[in-house]
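A.B. asks: Pasting a structure below so you can have a look.
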Amino acid sequence: MNSTLERISAEEWHYRQKTINISKSFMNQIVLNFFIVEGYRDAAIEFSKEAGIPLSTEELDQMIERIEIKKNILEGDIDSALEKVNKKNNNLILFKLKTQKLIELIKKDQIDQAVKYAQSEIIQLLPNQPHLIEEIEQAISLIAFSDIKKSPMNHLIQNSQRIKVASEVNQHLYQDSMGNDQAKLRTLMKLLLWAQEILKSEIQYPQLLEISKGQFSKEE
């Protein structure tokens, strides 16, 4: 870190943060929006009652299908998820699900079926989505290993991959139905990280390292 930059102590930095006034109503809207976008229907209903924020029937009904699709993906039941989204005419959602289907086939050692599936169901989705080629190449590379656990791409066979795909598909489904691409809370977190990168070239200050834990860098 450049020692010539102005330095703000941890005590001063946290004091300044406490002087920032954020209304409770704004925070409630952010939290409720997160529950809605991420598909936490029961939590959204309860929180809306506590916060006194009305939820529309459309918002609640639209969450049901997304919750079911997320559940299908997390259980590895990609066929059921595909049945629900086939009529939505969104190639990106189809690509995400079909690539996960390919991974599930490889995990079951159904290699011939996986190759045929990639050729007949996935390749056709790539002409208009060239940026997705690397993603499908990583999935197909699993085939080259007799023990896929030893593949450099072995993270694709972990449960975390299903969670990632479930989240991505949920986000795209929400965007299709409600016109927003992600929860406002996620956007704020991205803005926070971007702002920190800009600010650290101007001053020395305690940076937020772990958002989920509220962990700051140690004062030097």
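Chains: A, B, ... in order of the structure tokens. Residues: from 1 per chain. Ligands: from 1, in order shown.
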Could you go through chain A and tell me which residues DSSP, when run on the backbone, assigns to helix (DSSP H, G or I), listing them as an NGL selection string?
C.D. replies: :A and (10-18 or 24-38 or 41-51 or 57-74 or 78-88 or 91-107 or 111-125 or 130-144 or 148-150 or 154-157 or 159-178 or 184-199 or 211-213)
A.B. asks: Show me, as a list in words, the residues that have an atom within 9 Å of Ile140 (chain A) when counting only C-alpha atoms, minus same-chain residues fewer than 5 positions from it.
C.D. replies: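 In the requested format, the answer is Leu102, Ile103, Ile106, Ala114, Val115, Ala118 and Glu135 of chain A.
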A.B. asks: Which residues, written as a short mmCIF file (atom, residue, chain, number, x, y, z; two decimals) with N, CA and C atoms, in the first residue's frame, have at least one atom at most 10 Å from Ile123 (chain A), with only C-alpha atoms counted and residues fewer than 3 positions away on the same chain left out?
C.D. replies:
```
data_model
loop_
_atom_site.label_atom_id
_atom_site.label_comp_id
_atom_site.auth_asym_id
_atom_site.auth_seq_id
_atom_site.Cartn_x
_atom_site.Cartn_y
_atom_site.Cartn_z
N PHE A 95 -29.51 -23.19 -22.07
CA PHE A 95 -28.10 -23.56 -22.11
C PHE A 95 -27.60 -23.94 -20.72
N TYR A 117 -25.94 -36.06 -26.33
CA TYR A 117 -26.78 -34.98 -25.80
C TYR A 117 -26.15 -33.62 -26.11
N ALA A 118 -24.84 -33.53 -25.94
CA ALA A 118 -24.14 -32.27 -26.24
C ALA A 118 -24.30 -31.90 -27.71
N GLN A 119 -24.18 -32.91 -28.59
CA GLN A 119 -24.26 -32.65 -30.04
C GLN A 119 -25.68 -32.28 -30.48
N SER A 120 -26.67 -32.93 -29.89
CA SER A 120 -28.04 -32.72 -30.36
C SER A 120 -28.78 -31.60 -29.64
N LEU A 126 -25.28 -22.47 -29.26
CA LEU A 126 -24.06 -21.66 -29.20
C LEU A 126 -23.90 -20.59 -30.28
N PRO A 127 -24.41 -20.76 -31.50
CA PRO A 127 -24.16 -19.74 -32.54
C PRO A 127 -24.44 -18.32 -32.10
N ILE A 133 -19.08 -20.70 -25.12
CA ILE A 133 -18.31 -21.84 -25.62
C ILE A 133 -17.36 -22.38 -24.56
N ILE A 136 -19.15 -24.66 -21.99
CA ILE A 136 -19.48 -26.02 -22.43
C ILE A 136 -18.20 -26.83 -22.61
#
```
A.B. asks: Which of these, A:Leu193, A:Leu142, A:Leu32, A:Leu97, has the shortest distance to Glu50 (chain A) once you count only C-alpha atoms?
C.D. replies: A:Leu32
A.B. asks: Which of these residues is nearest to Pro54 (chain A), using only C-alpha atoms: A:Ile22, A:Asn33, A:Gly76, A:Ile69?
C.D. replies: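 Distance minimum relative to Pro54 (chain A) lands on A:Asn33.
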A.B. asks: List as a list in words the protein and nucleic acid residues near Leu5 (chain A), meaning an atom at most 9 Å away when only C-alpha atoms are counted, but skip any in the same chain fewer than 5 places from it.
C.D. replies: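 My reading of the contact set: Ser201, Glu202, Ile203 and Gln204 of chain A.
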A.B. asks: Quick one, how far is CA of His172 (chain A) from CA of Ile93 (chain A)?
C.D. replies: 6.8 Å
A.B. asks: Point out the residue among A:Val169, A:Asn21, A:Asp77, A:Glu65 with the least atom-to-atom distance to Leu105 (chain A), counting only C-alpha atoms.
C.D. replies: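 Under the stated criterion, the closest residue is A:Asp77.
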A.B. asks: What lies within 10 Å of Gln62 (chain A) using only C-alpha atoms, ignoring chain neighbours under 3 positions off, as a PyMOL selection string?
C.D. replies: chain A and resi 36+39+41+57-59+65-67+173-174+177-178
A.B. asks: For Asp109 (chain A), which of A:Ala51, A:Asp147, A:Phe216, A:Ala139 is the closest residue, counting only C-alpha atoms?
C.D. replies: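 Of A:Ala51, A:Asp147, A:Phe216, A:Ala139, the one nearest Asp109 (chain A), counting only C-alpha atoms, is A:Asp147.
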A.B. asks: Mind giving me the straight-line distance from CA of Lys18 (chain A) to CA of Ile30 (chain A) in Å, one decimal?
C.D. replies: 19.2 Å
A.B. asks: Given the choices A:Pro206, A:Lys98, A:Leu74, A:Lys116, which gets closest to Ser160 (chain A) if the distance is worked out from only C-alpha atoms?
C.D. replies: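 Counting only C-alpha atoms, the residue closest to Ser160 (chain A) is A:Leu74.
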A.B. asks: Counting only C-alpha atoms, figure out which residue out of A:Ala144, A:Met27, A:Ile157, A:Leu82 gets nearest to Lys108 (chain A).
C.D. replies: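 Among A:Ala144, A:Met27, A:Ile157, A:Leu82, it is A:Ile157 that comes nearest to Lys108 (chain A).
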A.B. asks: Using the chain letters and numbers from this document, which residues of region 88-209 of chain A does DSSP assign to strand (DSSP E), as a list in words?
C.D. replies: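 Answer for region 88-209 of chain A restricted to strand (DSSP E) is Ile203, Gln204, Leu208 and Leu209 of chain A.
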A.B. asks: Can you work out the spacing between CA of Ser25 (chain A) and CA of Ile53 (chain A) in Å, to one decimal?
C.D. replies: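 Going from CA of Ser25 (chain A) over to CA of Ile53 (chain A), I get 9.2 Å.
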